[in-house]
Amino acid sequence: MEGQSNMENPDEVPGLSNERVKELLARPYQLELLEKAKRNNIIVYLGTGSGKTFIAIMLIKHMRGEFGQMKGGRVRGGKKAIFLVSSVALVDQQCREIRNCTGLEVGSYCGADGVDDWTIDKWREEFSKHQVLVFVHEVFRALLSHKYMRFPDIALIILDECHHAVKNHPYAMIMQYYQDSKEAGEEVPKVLGLTACVVVETCDVHKFRQKKLTLETKMDAKVQTTEDLLDILRYVTAPKESFVYFDSTFNNEGIKMIMESFDAALEELSRVREEEALQLKTMKSIHQHALAKKDLDKDFKRLKNEVLTTWQGLVDSIGIYSLMSKANDLLKEIRSERIKENNMYYNQNVRNEMFKITEKCLGDICKMLQKLLQQSRDLSKLDRIHRFTNEKFKMLLDIIRKERSQDDQDPFKNMSAIVFVERKSTAVNLCSALSDIVDQDPDFHGLRIDYVHSVDTGFDIKNFRPTGQGIAERRRLQEVLSLFRSQHLHLIVSTSVVEEGLDVRSCNLVIKYDFPMTFRSYIQSKGRARKRPSKYIMMSSNKMSGTYNQKHSSFKTVEQISLAECHTIPDAQPDLEEEDELETFTADPSNPEVSGTVTGSQAISLVYQYIDKIPVDRFTRLIPVWVKQQVDGSAQDQLLRGLGLSSDSGIKYLCYMPHKTPFCLPVEGPVRPNKKAAKQACALEVVRQLYDLGELTQRLKVKKRVIEMEDSDDEDDYDERGRKVGTRRKRNFFHHCLPSPLSAEPRNVAFLYQVRMQLENLIEDARYAPYFPQEDSVSLGFLLADPMPDIEQLRLYGPSGSLLVSVSYSKKVDISPALMKRIKDFHLYAFTEVLKIGQVEHKEPSFLLVPLENGDINLDLCRDRKDETISCDSVVYPKYKPGENYFIEEFVPSFNPTCVMFQTKQTYIDYYRDKHNIQIKDPSQPLLRISSADKKLYMYKPGGEAMKDKNSEDLSKRTLLVPELMNVAKIQRGLWKQIQVIPFCIERTSSLLHSTQLSEQLTGILNPISHKISLEESWFSNITQKDRKHIEWLLKFDPGVPLVNVPLLEALTLRSCDDVVNMERLEVLGDVFLKYRASMLLYNTALADETQNKTNANEGELTTLRSKIVGNKNLRGLAVDLNLHEGPINAVKIETHTTYLPPGFTAPIEERLKRLDGEFHGLIEDPGKRKTLSVGS
């Protein structure tokens, strides 16, 4: 806050130091100006740091009786006090100071708060809670425009930094509304302006008087300052001003080459942009041309301004050190941006060329930097900083070094410095370079620094949405300034954000790293040095010293003129500066209290707001196109136009509004003498027509578009938990069924299908002996109730290599009840004992798995073998630890039970005696080298096979088993290995049958039973010319296309299955086809009654209708109708020990989970929380 509080008897205030009490006393000149403000509207003209803000706060306290009383958290009666600031950074500061000093309820508002879309009810709620309102000027201007607030409701309006109230600045527009209200006979508030500079640019005495009078007329107030200049000098710091000069020439050859690279890239970039701009003029569509030109300029300006010019400026401001740590990251970012998907309307090759020019420039610079770093590799980091920074940066270091105190403990404790720069990028990188100096140079140890820059207000003329980045920047700005005020930071690098109004009373050193180019910047930045004694240092290159010294002299002259003119009354009043008269549009002039009013510049913003709120898909972009036309009248008109008197010749604009708006023809604006006025007049005409067409409210706010659709939701759309069909929370449990005939239990006469396996490609360096199923006389078979097509060429990947598996018809067999029981026992044994699938029960009907020998059923292959002698074909398990099964790889004669075990350093005899209390009877028996018979591989893809390694051949380090301690399993090695493959064979067979039967269901064409099914490649993977024709037929929806059955396995397999095929690529094609066909259908049927130019129909309705067709809810219903939920969809990766349910088996634990899940929601009392429960919660 600028200034201090007033107290009648401060000596009696407990808990305050004498220094703090002095700070709370009002100064004589503040009281003098307060009295003037009580009597009249005034503009307080005082230097920075003189307490202008506090004069405003004292006036608020004086008028507090007019602001109503607070009762129950609401303001009862009274009017409002409005405090306007020119930047977001000041909003929080002024709000806090007014609240602390007055005790009134204060609200603060800026674009980053998301106020753009607040309704009048929301604003009224805010007004009812606060007596004083602090606004960023643009927010308050919008309030007045929409008549959410009127001047008769305001008792006091304060404009901070009111010298901005010129031309089209929001302050000027606000005061124009004030003048309109006053002329209409309405009650208007007291006006108080605050400024440290009446003018913002250099001028002579006459021009100063003219600008001062213009400001006073605009503000309806007189400029006032203290009559006692000596009095104010007792309180206001006058910093000692000085210049420092540095050499700006590039002595290093490498730096010269880098700057030349930037220049060459900028020149090439401009050439490419100009060539493409000429090419764009040939586009027929005016909107396509405008969008393409906008995209081209956006990319060009980004590469030119944000990349090349910015980084070139950093080299000029700091040196190449600022590039060294960031150039590679910037290059990667540009490359990533170039290949990123975009929706540009101009030539993509041109965009790539512009990005490649920038990439080449940065790439060349990176090479140069790398070379320079290589040459300086023996230097310390501090020496590299000094070598690669320029004289300007080194001069800054010298200034800071000279300001150090002699205190070795904290040499910077008395420093409170602000370094002002022009650009945000300079602030960030200068702070980074200084931080590195602090880390490396002992002279700067203990110096605490940070940076601040301006905050995005959220008011972009073409995008009226507050950004999260802006909110985060605002919070960071307040945090850094708070640390600086409390002297936790010694130095901050800042853009002009700190120049105007921000309270930094502790500052005693201001360094203008970039010379102030305007009188306003000079006055405001100098005024930040408030603590006595203080310094104001301006940095200048030797080359610019003459120019800058001359400019500084002109600043001092204007400063003297300001003081002299504001303390005397001129002999004659100058003529007012001529200003363009503001054109406005009022919605309903007969009802001004609730009718919005906009100026020309506001009308342009409103047009963009209106277009921005039109609902479109992400591929559609809408913009208005403004076309300028020169209007030539008669020779007499030309002469009068030169005098500013003709309205028949000049410039006019045509506005081509995009589709989705009610305009089929361009809107023509009136003729005006210049481009700016002509465009604003055209925008006002667009706003007038939008209002007449009902697109704007009476307050000139954009009406919300509501798509009225017939609501087809019915009770079936929601379950008992209130979850809507087609959403993730409405996922359900479904029973996975086998296709026919696999789902039927074989009868007395059954059909036998033999499963043949052939090891095709043997893996190299396998750890264990391979198994060749084609050489084995035993195999497996499926026993079915009905015939099915043969399955060919299924490729699986077993432990020995890739397998080709087929399932083919063998013969009919007669099944007796006794035989059926033994077959079911084998089926149960295979899945529960061999594959170890637990917690399942064999209750459901299904085909049955049978063992075959030479093609015939032989159930004796599964028998009790405990008394049989162990051989290499046996599968064994330990007597002392059942549940683990092993294949025997070989008998090892060189190892017997008397040998020492590698892990325990005991003999096998001692180990089993001590560990398991077992006495080995035959100490000479050879031991067994084994491999696990329980290992579970995923056989749809290769990988996971056991390979040889350096330890696999060293038997002394491997686990060996004692034969006499083993039992023999019921089936032997070959059949066991084939059973391990069978789940994948069954699942693939089931999937192929499901997909074939679905294809037959869709086409109505049944394949003959002799038709053989195989896993073919997707027809989309290798599109032939015939297939392309087929796609064209699909898109045309030609009814003459013959229906054929096609393989659908790929289309029914989700990526989550981790299969060799999945639906991802087909899903893209399917989505495109569905949306395209649904769009064409709706476009030619649902919109048949719309205007002939269907581009003007509401796109949102079309999209919503299409969404109902291709949305999850409708697609789910169709899927259920086709029984896709009961088997055809392959959604889960097969893992035999967890996700696999064998044929004919049920899992009681799954049924229990389903039951518990169904009961769980009833235990939740809150209906809202119950509704959020998804399946499986």
# chains A, B, ... in the order shown; residues from 1 in each chain; ligands from 1
>>> residues_around(residues="Pro1143 (chain A)", least_positions_apart="6", cutoff="9 Å", atoms="only C-alpha atoms", output="list in words")
Leu738, Leu742, Ser743, His842, Glu844, Pro845, Ser846, Phe847, Leu848 and Ile986 of chain A
>>> residues_around(residues="Arg273 (chain A)", least_positions_apart="3", cutoff="9 Å", atoms="only C-alpha atoms", output="PyMOL selection string")
chain A and resi 268-270+276-278+296-297+300+350+354
>>> write_last_selection(atoms="N, CA, C and O atoms", output="tab-separated table (two decimals), in the first residue's frame")
chain	number	residue	atom	x	y	z
A	268	GLU	N	15.06	-16.65	-44.19
A	268	GLU	CA	14.51	-17.79	-44.94
A	268	GLU	C	13.07	-18.07	-44.50
A	268	GLU	O	12.20	-18.38	-45.32
A	269	LEU	N	12.80	-17.93	-43.22
A	269	LEU	CA	11.45	-18.15	-42.70
A	269	LEU	C	10.48	-17.14	-43.31
A	269	LEU	O	9.36	-17.50	-43.71
A	270	SER	N	10.89	-15.90	-43.40
A	270	SER	CA	10.03	-14.86	-43.98
A	270	SER	C	9.77	-15.14	-45.46
A	270	SER	O	8.65	-14.93	-45.95
A	276	GLU	N	4.01	-18.75	-49.40
A	276	GLU	CA	2.78	-19.47	-49.09
A	276	GLU	C	1.59	-18.52	-49.00
A	276	GLU	O	0.47	-18.85	-49.40
A	277	ALA	N	1.83	-17.30	-48.48
A	277	ALA	CA	0.75	-16.31	-48.40
A	277	ALA	C	0.23	-15.97	-49.79
A	277	ALA	O	-0.99	-15.81	-50.00
A	278	LEU	N	1.12	-15.86	-50.76
A	278	LEU	CA	0.69	-15.62	-52.15
A	278	LEU	C	-0.10	-16.80	-52.69
A	278	LEU	O	-1.11	-16.63	-53.39
A	296	LEU	N	-1.08	-20.04	-40.79
A	296	LEU	CA	0.26	-19.74	-41.30
A	296	LEU	C	0.92	-18.66	-40.44
A	296	LEU	O	2.07	-18.81	-40.02
A	297	ASP	N	0.18	-17.59	-40.18
A	297	ASP	CA	0.75	-16.50	-39.38
A	297	ASP	C	1.04	-16.95	-37.95
A	297	ASP	O	2.03	-16.53	-37.34
A	300	PHE	N	4.20	-19.02	-38.11
A	300	PHE	CA	5.32	-18.15	-38.45
A	300	PHE	C	5.71	-17.27	-37.26
A	300	PHE	O	6.90	-17.16	-36.91
A	350	VAL	N	4.60	-26.85	-46.30
A	350	VAL	CA	5.15	-25.53	-45.96
A	350	VAL	C	5.39	-25.43	-44.46
A	350	VAL	O	6.42	-24.90	-44.01
A	354	MET	N	8.99	-24.70	-42.67
A	354	MET	CA	9.29	-23.64	-41.69
A	354	MET	C	9.88	-24.23	-40.42
A	354	MET	O	10.83	-23.68	-39.85
>>> select_by_dssp(residues="region 188-226 of chain A", states="helix (DSSP H, G or I)", output="VMD selection string")
chain A and resid 205 to 219
>>> residues_around(residues="region 67-82 of chain A", least_positions_apart="2", cutoff="8 Å", atoms="only C-alpha atoms", output="list of chain:residue names")
A:Ile60, A:Met63, A:Arg64, A:Gly65, A:Leu84, A:Ser128, A:Lys129, A:His130, A:Gln131, A:Val132, A:Leu133, A:Val134, A:Phe135, A:Asp153, A:Ile154, A:Ala155, A:Leu156, A:Ile157, A:Ile158
>>> residues_around(residues="Asn414 (chain A)", least_positions_apart="3", cutoff="10 Å", atoms="only C-alpha atoms", output="ChimeraX atom specification")
/A:403-405,407,410-411,417,487,490,506-508
>>> residues_around(residues="Glu1050 (chain A)", least_positions_apart="6", cutoff="8 Å", atoms="only C-alpha atoms", output="PyMOL selection string")
chain A and resi 1018+1061-1063+1066
>>> write_last_selection(atoms="all heavy atoms", output="PDB file, in the first residue's frame")
ATOM      1  N   SER A1018      -5.840 -61.042 -41.248  1.00  0.00           N
ATOM      2  CA  SER A1018      -6.985 -60.146 -41.415  1.00  0.00           C
ATOM      3  C   SER A1018      -7.040 -59.629 -42.835  1.00  0.00           C
ATOM      4  O   SER A1018      -6.026 -59.294 -43.428  1.00  0.00           O
ATOM      5  CB  SER A1018      -6.857 -58.965 -40.444  1.00  0.00           C
ATOM      6  OG  SER A1018      -7.745 -57.947 -40.805  1.00  0.00           O
ATOM      7  N   VAL A1061      -3.388 -61.291 -33.058  1.00  0.00           N
ATOM      8  CA  VAL A1061      -4.265 -60.389 -33.790  1.00  0.00           C
ATOM      9  C   VAL A1061      -5.150 -59.654 -32.787  1.00  0.00           C
ATOM     10  O   VAL A1061      -5.409 -60.161 -31.695  1.00  0.00           O
ATOM     11  CB  VAL A1061      -5.161 -61.137 -34.815  1.00  0.00           C
ATOM     12  CG1 VAL A1061      -4.324 -61.774 -35.892  1.00  0.00           C
ATOM     13  CG2 VAL A1061      -6.038 -62.177 -34.108  1.00  0.00           C
ATOM     14  N   ASN A1062      -5.588 -58.448 -33.150  1.00  0.00           N
ATOM     15  CA  ASN A1062      -6.568 -57.737 -32.330  1.00  0.00           C
ATOM     16  C   ASN A1062      -7.320 -56.749 -33.206  1.00  0.00           C
ATOM     17  O   ASN A1062      -6.974 -56.529 -34.371  1.00  0.00           O
ATOM     18  CB  ASN A1062      -5.917 -57.044 -31.129  1.00  0.00           C
ATOM     19  CG  ASN A1062      -4.944 -55.967 -31.520  1.00  0.00           C
ATOM     20  OD1 ASN A1062      -5.317 -54.969 -32.139  1.00  0.00           O
ATOM     21  ND2 ASN A1062      -3.672 -56.172 -31.175  1.00  0.00           N
ATOM     22  N   MET A1063      -8.337 -56.163 -32.628  1.00  0.00           N
ATOM     23  CA  MET A1063      -9.292 -55.363 -33.384  1.00  0.00           C
ATOM     24  C   MET A1063      -8.887 -53.904 -33.575  1.00  0.00           C
ATOM     25  O   MET A1063      -9.626 -53.125 -34.177  1.00  0.00           O
ATOM     26  CB  MET A1063     -10.636 -55.384 -32.649  1.00  0.00           C
ATOM     27  CG  MET A1063     -10.574 -54.705 -31.283  1.00  0.00           C
ATOM     28  SD  MET A1063     -12.125 -54.719 -30.395  1.00  0.00           S
ATOM     29  CE  MET A1063     -13.020 -53.522 -31.333  1.00  0.00           C
ATOM     30  N   LEU A1066      -8.967 -52.576 -37.177  1.00  0.00           N
ATOM     31  CA  LEU A1066     -10.321 -52.704 -37.715  1.00  0.00           C
ATOM     32  C   LEU A1066     -11.287 -51.764 -37.005  1.00  0.00           C
ATOM     33  O   LEU A1066     -12.251 -51.295 -37.602  1.00  0.00           O
ATOM     34  CB  LEU A1066     -10.800 -54.151 -37.570  1.00  0.00           C
ATOM     35  CG  LEU A1066     -10.121 -55.184 -38.478  1.00  0.00           C
ATOM     36  CD1 LEU A1066     -10.642 -56.567 -38.156  1.00  0.00           C
ATOM     37  CD2 LEU A1066     -10.351 -54.858 -39.937  1.00  0.00           C
TER      38      LEU A1066
END
>>> atom_distance(atom1="CA of Ala677 (chain A)", atom2="CA of Gly600 (chain A)")
7.7 Å
>>> closest_residue(among="A:Leu759, A:Cys899, A:Val702, A:Leu955", to="Pro799 (chain A)", atoms="only C-alpha atoms")
A:Leu759
>>> residues_around(residues="Ala292 (chain A)", least_positions_apart="4", cutoff="12 Å", atoms="only C-alpha atoms", output="PyMOL selection string")
chain A and resi 273+276-288+296-299+343-348+350-351+621-623+625
>>> write_last_selection(atoms="C-alpha atoms", output="short mmCIF file (atom, residue, chain, number, x, y, z; two decimals), in the first residue's frame")
data_model
loop_
_atom_site.label_atom_id
_atom_site.label_comp_id
_atom_site.auth_asym_id
_atom_site.auth_seq_id
_atom_site.Cartn_x
_atom_site.Cartn_y
_atom_site.Cartn_z
CA ARG A 273 5.88 -17.47 -45.36
CA GLU A 276 2.78 -19.47 -49.09
CA ALA A 277 0.75 -16.31 -48.40
CA LEU A 278 0.69 -15.62 -52.15
CA GLN A 279 -0.35 -19.20 -52.82
CA LEU A 280 -3.20 -18.98 -50.31
CA LYS A 281 -4.76 -16.12 -52.25
CA THR A 282 -5.78 -18.64 -54.92
CA MET A 283 -8.11 -20.44 -52.48
CA LYS A 284 -11.75 -20.14 -53.51
CA SER A 285 -13.35 -20.23 -50.06
CA ILE A 286 -12.94 -16.97 -48.18
CA HIS A 287 -13.22 -18.74 -44.81
CA GLN A 288 -10.73 -21.45 -45.83
CA LEU A 296 0.26 -19.74 -41.30
CA ASP A 297 0.75 -16.50 -39.38
CA LYS A 298 0.38 -18.31 -36.05
CA ASP A 299 3.13 -20.81 -36.85
CA ASN A 343 -5.47 -29.46 -37.92
CA MET A 344 -3.84 -26.77 -40.05
CA TYR A 345 -5.56 -25.32 -43.09
CA TYR A 346 -2.47 -24.35 -45.04
CA ASN A 347 0.01 -26.60 -46.85
CA GLN A 348 1.46 -29.14 -44.43
CA VAL A 350 5.15 -25.53 -45.96
CA ARG A 351 4.64 -25.97 -42.22
CA ARG A 621 -12.96 -24.13 -36.64
CA LEU A 622 -15.06 -21.04 -37.12
CA ILE A 623 -13.85 -17.48 -37.60
CA VAL A 625 -13.61 -12.83 -42.08
#
>>> residues_around(residues="region 925-937 of chain A", least_positions_apart="5", cutoff="6 Å", atoms="only C-alpha atoms", output="count of residues only")
14
>>> decode(residues="region 128-139 of chain A", atoms="all heavy atoms", output="PDB file, in the first residue's frame")
ATOM      1  N   SER A 128     -23.940  -8.614  -2.944  1.00  0.00           N
ATOM      2  CA  SER A 128     -24.633  -8.645  -1.650  1.00  0.00           C
ATOM      3  C   SER A 128     -23.694  -8.952  -0.493  1.00  0.00           C
ATOM      4  O   SER A 128     -24.047  -8.749   0.666  1.00  0.00           O
ATOM      5  CB  SER A 128     -25.761  -9.687  -1.683  1.00  0.00           C
ATOM      6  OG  SER A 128     -25.235 -11.008  -1.713  1.00  0.00           O
ATOM      7  N   LYS A 129     -22.473  -9.441  -0.791  1.00  0.00           N
ATOM      8  CA  LYS A 129     -21.547  -9.846   0.268  1.00  0.00           C
ATOM      9  C   LYS A 129     -20.433  -8.835   0.495  1.00  0.00           C
ATOM     10  O   LYS A 129     -19.678  -8.967   1.457  1.00  0.00           O
ATOM     11  CB  LYS A 129     -20.927 -11.206  -0.069  1.00  0.00           C
ATOM     12  CG  LYS A 129     -21.934 -12.352  -0.089  1.00  0.00           C
ATOM     13  CD  LYS A 129     -21.254 -13.696  -0.251  1.00  0.00           C
ATOM     14  CE  LYS A 129     -20.587 -13.840  -1.597  1.00  0.00           C
ATOM     15  NZ  LYS A 129     -20.051 -15.219  -1.812  1.00  0.00           N
ATOM     16  N   HIS A 130     -20.298  -7.835  -0.399  1.00  0.00           N
ATOM     17  CA  HIS A 130     -19.147  -6.930  -0.301  1.00  0.00           C
ATOM     18  C   HIS A 130     -19.581  -5.475  -0.404  1.00  0.00           C
ATOM     19  O   HIS A 130     -20.506  -5.142  -1.145  1.00  0.00           O
ATOM     20  CB  HIS A 130     -18.127  -7.252  -1.402  1.00  0.00           C
ATOM     21  CG  HIS A 130     -17.633  -8.663  -1.368  1.00  0.00           C
ATOM     22  ND1 HIS A 130     -18.033  -9.603  -2.297  1.00  0.00           N
ATOM     23  CD2 HIS A 130     -16.816  -9.297  -0.506  1.00  0.00           C
ATOM     24  CE1 HIS A 130     -17.450 -10.757  -2.015  1.00  0.00           C
ATOM     25  NE2 HIS A 130     -16.707 -10.596  -0.931  1.00  0.00           N
ATOM     26  N   GLN A 131     -18.853  -4.628   0.322  1.00  0.00           N
ATOM     27  CA  GLN A 131     -19.101  -3.172   0.279  1.00  0.00           C
ATOM     28  C   GLN A 131     -18.154  -2.470  -0.688  1.00  0.00           C
ATOM     29  O   GLN A 131     -18.500  -1.463  -1.280  1.00  0.00           O
ATOM     30  CB  GLN A 131     -18.939  -2.587   1.691  1.00  0.00           C
ATOM     31  CG  GLN A 131     -19.942  -3.145   2.693  1.00  0.00           C
ATOM     32  CD  GLN A 131     -19.473  -2.962   4.116  1.00  0.00           C
ATOM     33  OE1 GLN A 131     -18.455  -3.517   4.518  1.00  0.00           O
ATOM     34  NE2 GLN A 131     -20.212  -2.177   4.895  1.00  0.00           N
ATOM     35  N   VAL A 132     -16.960  -3.006  -0.807  1.00  0.00           N
ATOM     36  CA  VAL A 132     -15.958  -2.460  -1.719  1.00  0.00           C
ATOM     37  C   VAL A 132     -15.585  -3.561  -2.713  1.00  0.00           C
ATOM     38  O   VAL A 132     -15.371  -4.717  -2.330  1.00  0.00           O
ATOM     39  CB  VAL A 132     -14.700  -1.981  -0.969  1.00  0.00           C
ATOM     40  CG1 VAL A 132     -13.700  -1.362  -1.945  1.00  0.00           C
ATOM     41  CG2 VAL A 132     -15.069  -0.983   0.118  1.00  0.00           C
ATOM     42  N   LEU A 133     -15.504  -3.187  -3.994  1.00  0.00           N
ATOM     43  CA  LEU A 133     -15.201  -4.155  -5.049  1.00  0.00           C
ATOM     44  C   LEU A 133     -13.956  -3.695  -5.796  1.00  0.00           C
ATOM     45  O   LEU A 133     -13.907  -2.565  -6.303  1.00  0.00           O
ATOM     46  CB  LEU A 133     -16.376  -4.277  -6.024  1.00  0.00           C
ATOM     47  CG  LEU A 133     -17.736  -4.602  -5.386  1.00  0.00           C
ATOM     48  CD1 LEU A 133     -18.845  -4.453  -6.417  1.00  0.00           C
ATOM     49  CD2 LEU A 133     -17.740  -6.003  -4.802  1.00  0.00           C
ATOM     50  N   VAL A 134     -12.946  -4.575  -5.849  1.00  0.00           N
ATOM     51  CA  VAL A 134     -11.704  -4.276  -6.567  1.00  0.00           C
ATOM     52  C   VAL A 134     -11.715  -5.056  -7.875  1.00  0.00           C
ATOM     53  O   VAL A 134     -11.854  -6.284  -7.877  1.00  0.00           O
ATOM     54  CB  VAL A 134     -10.465  -4.647  -5.729  1.00  0.00           C
ATOM     55  CG1 VAL A 134      -9.183  -4.292  -6.479  1.00  0.00           C
ATOM     56  CG2 VAL A 134     -10.506  -3.942  -4.384  1.00  0.00           C
ATOM     57  N   PHE A 135     -11.603  -4.339  -8.988  1.00  0.00           N
ATOM     58  CA  PHE A 135     -11.697  -4.954 -10.307  1.00  0.00           C
ATOM     59  C   PHE A 135     -10.449  -4.678 -11.133  1.00  0.00           C
ATOM     60  O   PHE A 135      -9.872  -3.580 -11.056  1.00  0.00           O
ATOM     61  CB  PHE A 135     -12.881  -4.374 -11.110  1.00  0.00           C
ATOM     62  CG  PHE A 135     -14.236  -4.736 -10.607  1.00  0.00           C
ATOM     63  CD1 PHE A 135     -14.951  -3.842  -9.821  1.00  0.00           C
ATOM     64  CD2 PHE A 135     -14.819  -5.950 -10.940  1.00  0.00           C
ATOM     65  CE1 PHE A 135     -16.224  -4.151  -9.374  1.00  0.00           C
ATOM     66  CE2 PHE A 135     -16.091  -6.265 -10.494  1.00  0.00           C
ATOM     67  CZ  PHE A 135     -16.800  -5.369  -9.709  1.00  0.00           C
ATOM     68  N   VAL A 136     -10.077  -5.646 -11.964  1.00  0.00           N
ATOM     69  CA  VAL A 136      -9.273  -5.309 -13.135  1.00  0.00           C
ATOM     70  C   VAL A 136     -10.200  -4.556 -14.082  1.00  0.00           C
ATOM     71  O   VAL A 136     -11.361  -4.929 -14.259  1.00  0.00           O
ATOM     72  CB  VAL A 136      -8.726  -6.579 -13.809  1.00  0.00           C
ATOM     73  CG1 VAL A 136      -8.142  -6.260 -15.183  1.00  0.00           C
ATOM     74  CG2 VAL A 136      -7.653  -7.207 -12.943  1.00  0.00           C
ATOM     75  N   HIS A 137      -9.692  -3.475 -14.668  1.00  0.00           N
ATOM     76  CA  HIS A 137     -10.554  -2.556 -15.425  1.00  0.00           C
ATOM     77  C   HIS A 137     -11.431  -3.261 -16.465  1.00  0.00           C
ATOM     78  O   HIS A 137     -12.596  -2.904 -16.644  1.00  0.00           O
ATOM     79  CB  HIS A 137      -9.717  -1.479 -16.106  1.00  0.00           C
ATOM     80  CG  HIS A 137      -8.506  -1.987 -16.824  1.00  0.00           C
ATOM     81  ND1 HIS A 137      -8.516  -3.020 -17.753  1.00  0.00           N
ATOM     82  CD2 HIS A 137      -7.212  -1.585 -16.733  1.00  0.00           C
ATOM     83  CE1 HIS A 137      -7.309  -3.210 -18.206  1.00  0.00           C
ATOM     84  NE2 HIS A 137      -6.479  -2.364 -17.614  1.00  0.00           N
ATOM     85  N   GLU A 138     -10.924  -4.288 -17.154  1.00  0.00           N
ATOM     86  CA  GLU A 138     -11.681  -4.936 -18.230  1.00  0.00           C
ATOM     87  C   GLU A 138     -12.912  -5.658 -17.702  1.00  0.00           C
ATOM     88  O   GLU A 138     -13.965  -5.697 -18.347  1.00  0.00           O
ATOM     89  CB  GLU A 138     -10.781  -5.916 -18.987  1.00  0.00           C
ATOM     90  CG  GLU A 138     -11.434  -6.637 -20.153  1.00  0.00           C
ATOM     91  CD  GLU A 138     -11.898  -5.693 -21.257  1.00  0.00           C
ATOM     92  OE1 GLU A 138     -11.295  -4.621 -21.431  1.00  0.00           O
ATOM     93  OE2 GLU A 138     -12.879  -6.041 -21.928  1.00  0.00           O
ATOM     94  N   VAL A 139     -12.802  -6.234 -16.507  1.00  0.00           N
ATOM     95  CA  VAL A 139     -13.950  -6.913 -15.907  1.00  0.00           C
ATOM     96  C   VAL A 139     -15.057  -5.910 -15.590  1.00  0.00           C
ATOM     97  O   VAL A 139     -16.238  -6.151 -15.873  1.00  0.00           O
ATOM     98  CB  VAL A 139     -13.526  -7.668 -14.628  1.00  0.00           C
ATOM     99  CG1 VAL A 139     -14.738  -8.292 -13.944  1.00  0.00           C
ATOM    100  CG2 VAL A 139     -12.506  -8.752 -14.959  1.00  0.00           C
TER     101      VAL A 139
END
